[in-house]
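Read through the structure below, which is laid out as structure tokens, and then see the notes.
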Amino acid sequence: MQRIIMSGLFAIALVGLAFAMDIDRHADFNNPKAQPAAAGCKGFYGTDDNRTACDDFCGKYRSDNEGATCDCAEGKCAADEHP
């Protein structure tokens with residue numbers, strides 16, 4: 001019985017850590033072809049692994065748009081924030 005209780009507590013701890021690590025992320029990027037360079041923000045919300053999705057987006061965006069910047073940050077895009 002003690003083994004079952006300890007296994008349950010361990011599973012609860014792992015689930016809690018998974019939820020705590022799932023932070024909303026967004027990518028801040030610019031379009032170097034626009035004059036002046038237009039800033040953009042793309043959100044990655046509600047996914048299990050939004051850090052990888054954001055990094056993949058930024059890597060592809062920088063390779064497809066020479067001179068562009070793209071950085072992943074925590075939180076949502078300002079336009080997506082609701083009071």
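Labels for the structure tokens follow display order: chains A, B, ..., residues from 1 in each chain, ligands from 1.
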Problem set entry | DSSP-assigned strand (DSSP E or B) among chain A, expressed as a list in words |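 Checking each residue of chain A, the strand (DSSP E or B) ones are Arg25, His26, Ala27, Asp28, Phe29, Asn30, Asn31, Ala38, Ala39, Gly40, Cys41, Lys42, Gly43, Phe44, Cys70, Asp71, Cys72, Ala73 and Glu74 of chain A.
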Problem set entry | Who sits within 12 Å of Gly43 of chain A, only C-alpha atoms, same chain under 5 positions skipped, as a ChimeraX atom specification | /A:23-29,50-51,53-55,57-58,71-81
Problem set entry | Of the listed residues A:Ala13, A:Asp48, A:Asp56, A:Ser7, that which approaches Cys70 of chain A most closely, counting only C-alpha atoms |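 The closest residue to Cys70 of chain A is A:Asp56.
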For this session: Give the helix (DSSP H, G or I) residues of segment 24-66 of chain A, as assigned by DSSP on the backbone, as an MDAnalysis selection string.
Result: chainID A and resid 50:64
May I have the selected residues written with C-alpha atoms, as a CSV table (one decimal), in the first residue's frame?
```
chain,number,residue,atom,x,y,z
A,50,ASN,CA,6.5,25.9,-27.2
A,51,ARG,CA,10.2,26.6,-26.7
A,52,THR,CA,11.2,24.2,-29.5
A,53,ALA,CA,8.4,25.5,-31.7
A,54,CYS,CA,9.6,29.1,-31.2
A,55,ASP,CA,13.2,28.2,-31.8
A,56,ASP,CA,12.3,26.3,-35.0
A,57,PHE,CA,10.3,29.3,-36.3
A,58,CYS,CA,13.1,31.8,-35.6
A,59,GLY,CA,15.7,29.6,-37.2
A,60,LYS,CA,13.7,29.2,-40.4
A,61,TYR,CA,12.6,32.9,-40.4
A,62,ARG,CA,16.3,34.0,-40.1
A,63,SER,CA,17.4,31.6,-42.9
A,64,ASP,CA,14.5,32.7,-45.2
```
Exercise. By how many Å are atom CA of Leu14 of chain A and atom CA of Met1 of chain A apart?
Worked result: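 About the pair atom CA of Leu14 of chain A and atom CA of Met1 of chain A: they are 20.3 Å apart.
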For this session: Could you check how far atom CA of Ala68 of chain A sits from atom CA of Phe44 of chain A, in Å to one decimal?
Result: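 Calculated distance between atom CA of Ala68 of chain A and atom CA of Phe44 of chain A is 19.4 Å.
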Exercise. What does the distance from atom CA of Asn65 of chain A to atom CA of Ala37 of chain A come to in Å, to one decimal?
Worked result: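 A separation of 12.0 Å between them.
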